[in-house]
file structure_21.txt (compact mmCIF, C-alpha atoms)
# COMPACT_ATOMS: atom_id res chain seq x y z
CA MET M 1 -24.75 -16.31 51.74
CA LYS M 2 -25.72 -17.29 48.20
CA ASN M 3 -25.15 -13.72 46.96
CA ARG M 4 -21.74 -13.66 48.62
CA LYS M 5 -20.76 -16.85 46.81
CA TRP M 6 -21.80 -15.40 43.44
CA THR M 7 -19.90 -12.19 44.20
CA LEU M 8 -16.78 -14.16 45.14
CA LEU M 9 -17.08 -16.27 41.97
CA LEU M 10 -17.41 -13.13 39.83
CA VAL M 11 -14.33 -11.58 41.44
CA MET M 12 -12.35 -14.76 40.78
CA ILE M 13 -13.42 -14.81 37.13
CA ILE M 14 -12.45 -11.16 36.65
CA PHE M 15 -9.10 -11.75 38.38
CA SER M 16 -8.49 -14.81 36.23
CA HIS M 17 -9.15 -12.89 33.00
CA PHE M 18 -6.90 -10.06 34.18
CA ALA M 19 -4.12 -12.49 35.03
CA MET M 20 -4.43 -14.15 31.62
CA ALA M 21 -4.35 -10.77 29.89
CA GLN M 22 -1.12 -9.93 31.73
CA ASP M 23 0.51 -13.32 30.99
CA TYR M 24 2.97 -11.73 28.59
CA ALA M 25 5.30 -8.75 28.57
CA PHE M 26 5.51 -7.80 24.88
CA GLN M 27 3.87 -8.47 21.54
CA VAL M 28 6.01 -8.55 18.39
CA MET M 29 4.87 -5.86 15.95
CA ILE M 30 7.87 -5.85 13.58
CA ASN M 31 10.42 -8.61 13.03
CA LYS M 32 13.30 -8.09 10.62
CA GLY M 33 15.97 -10.77 10.39
CA ASN M 34 16.28 -14.38 11.52
CA ASN M 35 15.69 -13.59 15.19
CA GLU M 36 14.91 -16.25 17.79
CA VAL M 37 13.03 -16.52 21.09
CA LYS M 38 13.86 -18.95 23.87
CA THR M 39 10.91 -20.30 25.86
CA GLY M 40 12.04 -22.81 28.46
CA ASP M 41 14.98 -24.64 26.88
CA THR M 42 13.91 -24.29 23.27
CA TRP M 43 14.95 -21.65 20.72
CA GLN M 44 12.42 -20.92 17.96
CA PRO M 45 12.09 -18.29 15.21
CA VAL M 46 10.38 -15.05 16.27
CA LYS M 47 7.02 -14.50 14.57
CA THR M 48 5.22 -11.21 14.04
CA GLY M 49 2.18 -11.03 16.30
CA ALA M 50 3.61 -13.49 18.84
CA THR M 51 3.74 -12.64 22.53
CA LEU M 52 6.85 -12.72 24.70
CA LYS M 53 6.76 -13.72 28.35
CA ALA M 54 8.98 -12.17 31.02
CA THR M 55 10.80 -15.52 31.35
CA ASP M 56 11.70 -15.63 27.64
CA GLU M 57 14.93 -14.57 25.98
CA ILE M 58 15.41 -12.92 22.59
CA LYS M 59 18.38 -13.40 20.28
CA LEU M 60 19.02 -10.86 17.50
CA GLU M 61 21.26 -11.55 14.55
CA PRO M 62 23.52 -8.82 13.07
CA ASN M 63 21.62 -5.90 11.46
CA ALA M 64 18.29 -7.24 12.76
CA TYR M 65 15.40 -5.21 14.13
CA LEU M 66 12.51 -5.90 16.49
CA GLY M 67 9.59 -3.60 17.20
CA LEU M 68 7.79 -4.59 20.39
CA ARG M 69 4.62 -3.37 22.09
CA HIS M 70 4.63 -3.60 25.87
CA THR M 71 1.40 -4.53 27.71
CA THR M 72 1.14 -0.88 28.79
CA GLY M 73 1.04 0.16 25.14
CA LYS M 74 4.59 1.56 25.10
CA MET M 75 6.59 0.78 21.95
CA LEU M 76 10.17 -0.48 22.18
CA GLU M 77 12.65 -1.03 19.38
CA LEU M 78 15.54 -3.45 19.67
CA LYS M 79 18.55 -3.38 17.35
CA SER M 80 21.46 -4.66 19.46
CA GLN M 81 22.92 -7.96 18.28
CA GLY M 82 23.00 -10.74 20.86
CA THR M 83 20.79 -12.23 23.56
CA HIS M 84 18.39 -10.15 25.66
CA LYS M 85 16.25 -11.20 28.59
CA VAL M 86 12.65 -10.08 28.13
CA ALA M 87 12.40 -9.27 31.84
CA ASP M 88 15.30 -6.82 31.51
CA LEU M 89 13.71 -5.19 28.46
CA ALA M 90 10.46 -4.75 30.37
CA LYS M 91 12.28 -2.94 33.18
CA ASN M 92 13.46 -0.28 30.74
CA VAL M 93 10.01 0.45 29.34
CA GLY M 94 8.58 3.77 30.46
CA THR M 95 4.96 4.72 30.95
CA GLY M 96 2.76 3.86 27.99
CA SER M 97 -0.81 4.46 26.91
CA SER M 98 -3.33 1.63 26.86
CA VAL M 99 -5.15 3.51 24.08
CA MET M 100 -2.38 2.37 21.73
CA ASN M 101 -3.44 -1.23 22.20
CA LYS M 102 -6.62 -0.74 20.17
CA TYR M 103 -4.50 -0.12 17.05
CA THR M 104 -2.51 -3.35 17.45
CA ASP M 105 -4.95 -5.56 15.55
CA PHE M 106 -5.18 -3.01 12.73
CA ILE M 107 -1.40 -2.92 12.33
CA LEU M 108 -1.00 -6.70 12.40
CA SER M 109 -3.92 -7.38 10.06
CA SER M 110 -2.83 -4.71 7.57
CA ASN M 111 0.61 -6.25 7.30
CA SER M 112 -0.30 -9.93 7.46
CA ALA M 113 0.78 -12.33 4.72
CA GLU M 114 -2.85 -12.75 3.69
CA ALA M 115 -3.35 -8.99 3.42
CA LYS M 116 -0.26 -8.66 1.25
CA LYS M 117 -1.46 -11.50 -0.98
CA ASN M 118 -4.85 -9.90 -1.51
CA ARG M 119 -3.82 -6.25 -1.66
CA LEU M 120 -4.46 -5.84 -5.40
CA SER M 121 -8.08 -6.91 -5.06
CA ALA M 122 -8.72 -5.25 -1.70
CA THR M 123 -12.02 -3.41 -1.37
CA GLY M 124 -12.06 0.22 -0.38
CA ALA M 125 -8.74 0.96 -2.07
CA VAL M 126 -8.05 4.49 -3.21
CA HIS M 127 -8.49 4.73 -6.97
CA ARG M 128 -5.53 6.55 -8.41
CA THR M 129 -5.56 8.26 -11.78
CA ARG M 130 -2.69 9.43 -13.91
CA GLY M 131 -2.82 11.68 -16.93
CA ALA M 132 -1.93 10.09 -20.25
CA GLY M 133 0.87 12.58 -20.85
CA ASP M 134 2.35 12.48 -17.35
CA VAL M 135 5.98 11.46 -17.20
CA ILE M 136 6.35 12.13 -13.47
CA ASP M 137 4.16 10.10 -11.13
CA LEU M 138 3.32 12.20 -8.07
CA LEU M 139 2.55 9.66 -5.33
CA LEU M 140 -0.24 11.45 -3.51
CA PRO M 141 -3.82 10.22 -2.93
CA GLU M 142 -6.86 11.49 -4.79
CA ASN M 143 -8.66 14.57 -3.48
CA GLN M 144 -11.10 12.77 -1.17
CA PHE M 145 -8.13 11.36 0.80
CA SER M 146 -5.83 14.41 0.63
CA ARG M 147 -6.58 15.94 4.04
CA VAL M 148 -3.54 16.81 6.16
CA TYR M 149 -3.12 17.13 9.92
CA GLY M 150 0.61 17.80 10.34
CA ASP M 151 2.67 20.88 9.54
CA GLN M 152 5.26 18.83 7.64
CA VAL M 153 4.29 17.05 4.43
CA ILE M 154 6.76 14.78 2.62
CA ILE M 155 5.78 14.32 -1.02
CA ASN M 156 7.28 11.62 -3.26
CA TRP M 157 7.33 10.97 -6.97
CA GLU M 158 8.70 8.52 -9.51
CA SER M 159 9.83 8.84 -13.10
CA GLU M 160 11.67 6.50 -15.42
CA LYS M 161 12.17 9.18 -18.07
CA VAL M 162 12.87 12.38 -16.17
CA GLN M 163 16.00 13.00 -14.12
CA GLY M 164 16.52 15.85 -11.66
CA PRO M 165 16.67 18.60 -10.86
CA TYR M 166 12.93 18.83 -10.21
CA VAL M 167 10.72 21.82 -9.48
CA ILE M 168 7.87 21.58 -6.97
CA GLU M 169 5.25 24.26 -7.53
CA LEU M 170 2.44 25.04 -5.10
CA GLN M 171 -0.63 27.02 -6.13
CA ASN M 172 -3.95 28.03 -4.63
CA MET M 173 -7.29 27.19 -6.24
CA PHE M 174 -7.01 30.31 -8.44
CA GLU M 175 -3.66 29.08 -9.84
CA ASP M 176 -1.69 31.79 -8.04
CA VAL M 177 1.81 30.50 -7.29
CA LEU M 178 2.38 30.24 -3.56
CA ALA M 179 5.86 28.72 -3.52
CA LYS M 180 8.47 26.98 -5.65
CA TYR M 181 11.20 24.59 -4.56
CA GLU M 182 14.01 22.78 -6.35
CA THR M 183 15.60 19.43 -5.54
CA ASP M 184 17.62 16.63 -7.15
CA ALA M 185 15.89 14.01 -4.99
CA LYS M 186 12.54 12.36 -5.71
CA PHE M 187 10.98 13.64 -2.51
CA TYR M 188 10.60 16.95 -0.74
CA THR M 189 9.40 18.15 2.67
CA ILE M 190 6.88 20.99 2.50
CA ASP M 191 6.58 23.16 5.60
CA LEU M 192 2.98 24.31 5.88
CA THR M 193 3.93 26.90 8.50
CA GLU M 194 5.71 29.03 5.89
CA PRO M 195 4.07 32.50 5.57
CA ASN M 196 2.64 31.87 2.08
CA LEU M 197 1.16 28.52 3.14
CA SER M 198 -0.10 29.20 6.66
CA ASP M 199 -2.94 31.59 5.81
CA LYS M 200 -6.02 30.39 7.72
CA ASP M 201 -8.17 31.02 4.63
CA LEU M 202 -5.95 28.78 2.50
CA ASN M 203 -7.73 25.43 2.75
CA ALA M 204 -6.39 23.70 -0.36
CA ILE M 205 -2.94 23.68 -1.96
CA MET M 206 -2.34 22.34 -5.47
CA VAL M 207 0.93 20.47 -6.03
CA ARG M 208 2.76 19.82 -9.29
CA VAL M 209 6.26 18.43 -9.93
CA SER M 210 8.11 19.11 -13.19
CA SER M 211 11.54 18.90 -14.75
CA LYS M 212 13.65 22.03 -14.31
CA ASN M 213 15.27 21.45 -17.70
CA ASP M 214 11.97 20.87 -19.50
CA PRO M 215 8.87 22.25 -17.72
CA LYS M 216 6.64 20.33 -20.16
CA GLN M 217 7.74 17.13 -18.48
CA THR M 218 5.42 17.20 -15.54
CA SER M 219 3.11 15.37 -13.17
CA SER M 220 -0.62 15.63 -12.69
CA VAL M 221 -1.79 18.27 -10.23
CA LYS M 222 -2.64 16.84 -6.82
CA MET M 223 -4.28 18.52 -3.86
CA ILE M 224 -3.36 18.90 -0.19
CA GLN M 225 -6.25 19.97 2.03
CA LYS M 226 -5.92 21.30 5.55
CA LEU M 227 -8.25 19.81 8.14
CA SER M 228 -11.14 21.84 9.48
CA SER M 229 -10.67 23.15 13.02
CA GLU M 230 -13.12 20.57 14.35
CA ASP M 231 -11.39 17.63 12.65
CA TYR M 232 -7.94 18.95 13.57
CA ASN M 233 -8.87 19.16 17.25
CA LYS M 234 -10.29 15.64 17.15
CA VAL M 235 -7.07 14.19 15.75
CA LYS M 236 -5.00 16.27 18.16
CA SER M 237 -7.03 14.93 21.08
CA ASP M 238 -6.50 11.34 19.93
CA LEU M 239 -2.74 11.90 19.55
CA THR M 240 -2.58 13.47 23.01
CA GLU M 241 -4.11 10.29 24.42
CA LEU M 242 -1.49 8.22 22.64
CA GLY M 243 1.31 10.42 24.00
CA PRO M 244 4.41 8.16 23.81
CA VAL M 245 3.95 7.50 20.10
CA LEU M 246 5.40 10.96 19.47
CA ASP M 247 8.87 9.82 20.62
CA GLU M 248 11.51 9.95 17.87
CA THR M 249 12.00 6.24 17.19
CA ALA M 250 11.34 4.30 14.00
CA ILE M 251 8.76 2.00 15.63
CA ASN M 252 6.83 5.02 16.94
CA LYS M 253 6.87 6.69 13.52
CA TYR M 254 5.64 3.40 12.07
CA PHE M 255 2.84 3.32 14.63
CA LEU M 256 1.98 6.93 13.77
CA ALA M 257 1.78 6.00 10.08
CA ASN M 258 -0.74 3.27 10.91
CA PHE M 259 -2.70 5.63 13.15
CA PHE M 260 -2.99 8.11 10.28
CA GLU M 261 -3.91 5.37 7.80
CA LYS M 262 -6.69 4.10 10.05
CA ASN M 263 -8.02 7.68 10.19
CA ASN M 264 -7.78 8.09 6.38
CA LEU M 265 -5.06 10.75 6.67
CA LEU M 266 -2.94 9.19 3.95
CA VAL M 267 -0.67 12.18 3.33
CA ASP M 268 0.27 12.21 7.01
CA ALA M 269 0.80 8.45 6.86
CA ILE M 270 3.24 8.88 3.96
CA THR M 271 5.14 11.51 5.94
CA ALA M 272 5.34 9.31 9.05
CA TYR M 273 6.59 6.36 6.98
CA LYS M 274 9.33 8.48 5.42
CA GLN M 275 10.36 9.67 8.89
CA ALA M 276 10.51 6.05 10.05
CA ILE M 277 12.70 5.16 7.07
CA ALA M 278 15.08 8.03 7.89
CA LEU M 279 15.57 6.44 11.33
CA GLU M 280 15.55 2.80 10.19
CA PRO M 281 15.97 2.23 6.42
CA SER M 282 14.51 -1.28 6.55
CA PHE M 283 11.05 0.25 7.05
CA GLU M 284 11.10 0.91 3.30
CA ALA M 285 9.43 -2.50 2.91
CA GLU M 286 6.49 -1.49 5.13
CA PHE M 287 6.18 1.80 3.25
CA GLU M 288 6.02 0.00 -0.08
CA GLU M 289 3.31 -2.33 1.23
CA PHE M 290 1.31 0.67 2.41
CA MET M 291 1.60 2.31 -1.00
CA TYR M 292 0.40 -0.89 -2.71
CA ARG M 293 -2.36 -1.39 -0.14
CA LYS M 294 -3.76 2.07 -0.78
CA ASN M 295 -3.25 1.83 -4.55
CA LEU M 296 -0.93 4.82 -4.48
CA LYS M 297 1.65 2.78 -6.35
CA GLN M 298 1.54 -0.32 -8.53
CA PRO M 299 3.89 -3.26 -7.92
CA LYS M 300 6.40 -3.81 -10.70
CA GLN M 301 5.51 -6.74 -12.92
CA ASN M 302 8.07 -9.53 -13.14

call {"tool": "encode", "arguments": {"input": "structure_21.txt", "output": "structure tokens"}}
result
Amino acid sequence: MKNRKWTLLLVMIIFSHFAMAQDYAFQVMINKGNNEVKTGDTWQPVKTGATLKATDEIKLEPNAYLGLRHTTGKMLELKSQGTHKVADLAKNVGTGSSVMNKYTDFILSSNSAEAKKNRLSATGAVHRTRGAGDVIDLLLPENQFSRVYGDQVIINWESEKVQGPYVIELQNMFEDVLAKYETDAKFYTIDLTEPNLSDKDLNAIMVRVSSKNDPKQTSSVKMIQKLSSEDYNKVKSDLTELGPVLDETAINKYFLANFFEKNNLLVDAITAYKQAIALEPSFEAEFEEFMYRKNLKQPKQN
């Protein structure tokens, strides 16, 4: 009888914890605009990291954006102005992956006000070097953080002195030219599946950006390294578990960027951020914070 009582008590405790864990429908991952949540009869400002119950309502102002994580792990973005019942939003959420939940704390902590305040003195930052004569700042990490998982790599650069058009030159370790591209923009998407870049024996690609009108105006050479087969398969396995994060929405691309950052795949993180921005331009702010956080770019001094 005594054992049965202890068993019953244990079941009740487990059920209670489960019920508490399911006491909300969504958690706010991204909040852009003066959005409000109604709990009971009271409207209050939405806060990043807060949870939303099924009985709550959400009010979005014009041009606002909310990125929400459902309890299943599924991401949902909300951009429609007006009032929305959380219960109705939850009904439209498809199947998610609980594996995504383990990245929630990383995303929220990385983008907290305290993290932003302390980013310049953060430990473990990537130390970025720039040649004294460089007039184009190629915004790629140093070699130890230059590994790449994806087939698409979006590179970015800045220059106050050099205007386009720009030439992007890719070389192997022996300085043989593999490919050249030209653009007027300050970014370019490199397709690593191109014949000259997809050779299985080509593990490292050197990248340089220069002015078309004056090739002496150039950036430092940065490296892109392909993952080993073992590491590639590990990342692929993790992404397969995540599943829904591959959907083409800005909040999913943002989640992908954080996934890659947590796994020290900074080039892939940059690419995912730029893809998020293409879908939702306001994610430029999160991209800038990432670049500062990883010391890939220095904030402008006032």

call {"tool": "residues_around", "arguments": {"input": "structure_21.txt", "residues": "Leu68 (chain M)", "least_positions_apart": "2", "cutoff": "6 Å", "atoms": "all atoms listed in the file", "output": "PDB file with C-alpha atoms, keeping the file's coordinate frame"}}
result
ATOM      1  CA  PHE M  26       5.510  -7.800  24.880  1.00  0.00           C
ATOM      2  CA  GLN M  27       3.870  -8.470  21.540  1.00  0.00           C
ATOM      3  CA  VAL M  28       6.010  -8.550  18.390  1.00  0.00           C
ATOM      4  CA  MET M  29       4.870  -5.860  15.950  1.00  0.00           C
ATOM      5  CA  MET M  75       6.590   0.780  21.950  1.00  0.00           C
ATOM      6  CA  LEU M  76      10.170  -0.480  22.180  1.00  0.00           C
TER       7      LEU M  76
END

call {"tool": "atom_distance", "arguments": {"input": "structure_21.txt", "atom1": "CA of Asp268 (chain M)", "atom2": "CA of Lys102 (chain M)"}}
result
19.7 Å

call {"tool": "atom_distance", "arguments": {"input": "structure_21.txt", "atom1": "CA of Ser159 (chain M)", "atom2": "CA of Val135 (chain M)"}}
result
6.2 Å

call {"tool": "residues_around", "arguments": {"input": "structure_21.txt", "residues": "Asn34 (chain M)", "least_positions_apart": "4", "cutoff": "8 Å", "atoms": "all atoms listed in the file", "output": "list in words"}}
result
Pro45, Val46, Leu60, Glu61 and Ala64 of chain M

call {"tool": "closest_residue", "arguments": {"input": "structure_21.txt", "among": "M:Glu36, M:Lys294, M:Gln81, M:Thr42", "to": "Asn63 (chain M)", "atoms": "all atoms listed in the file"}}
result
M:Gln81

call {"tool": "closest_residue", "arguments": {"input": "structure_21.txt", "among": "M:Phe255, M:Tyr103, M:Tyr188, M:Tyr149", "to": "Ser228 (chain M)", "atoms": "all atoms listed in the file"}}
result
M:Tyr149

call {"tool": "atom_distance", "arguments": {"input": "structure_21.txt", "atom1": "CA of Glu160 (chain M)", "atom2": "CA of Thr218 (chain M)"}}
result
12.4 Å

call {"tool": "closest_residue", "arguments": {"input": "structure_21.txt", "among": "M:Tyr254, M:Phe174, M:Tyr273, M:Tyr232", "to": "Thr104 (chain M)", "atoms": "all atoms listed in the file"}}
result
M:Tyr254

call {"tool": "closest_residue", "arguments": {"input": "structure_21.txt", "among": "M:Lys212, M:Lys85, M:Arg293, M:Lys79", "to": "Ala25 (chain M)", "atoms": "all atoms listed in the file"}}
result
M:Lys85

call {"tool": "residues_near_point", "arguments": {"input": "structure_21.txt", "point": "(16.6, 4.3, 12.6)", "cutoff": "10 Å", "atoms": "all atoms listed in the file", "output": "PyMOL selection string"}}
result
chain M and resi 65+77+79+248-251+275-283

call {"tool": "residues_around", "arguments": {"input": "structure_21.txt", "residues": "Asp56 (chain M)", "least_positions_apart": "6", "cutoff": "12 Å", "atoms": "all atoms listed in the file", "output": "VMD selection string"}}
result
chain M and resid 23 to 26 36 to 44 46 83 to 90

call {"tool": "closest_residue", "arguments": {"input": "structure_21.txt", "among": "M:Ile270, M:Phe260, M:Gln217, M:Asn295", "to": "Phe187 (chain M)", "atoms": "all atoms listed in the file"}}
result
M:Ile270

call {"tool": "residues_around", "arguments": {"input": "structure_21.txt", "residues": "Gln225 (chain M)", "least_positions_apart": "6", "cutoff": "8 Å", "atoms": "only C-alpha atoms", "output": "list of chain:residue names"}}
result
M:Ser146, M:Arg147, M:Val148, M:Asn203, M:Ala204, M:Ile205

call {"tool": "closest_residue", "arguments": {"input": "structure_21.txt", "among": "M:Thr193, M:Ser220, M:Thr72, M:Gln152", "to": "Leu242 (chain M)", "atoms": "only C-alpha atoms"}}
result
M:Thr72
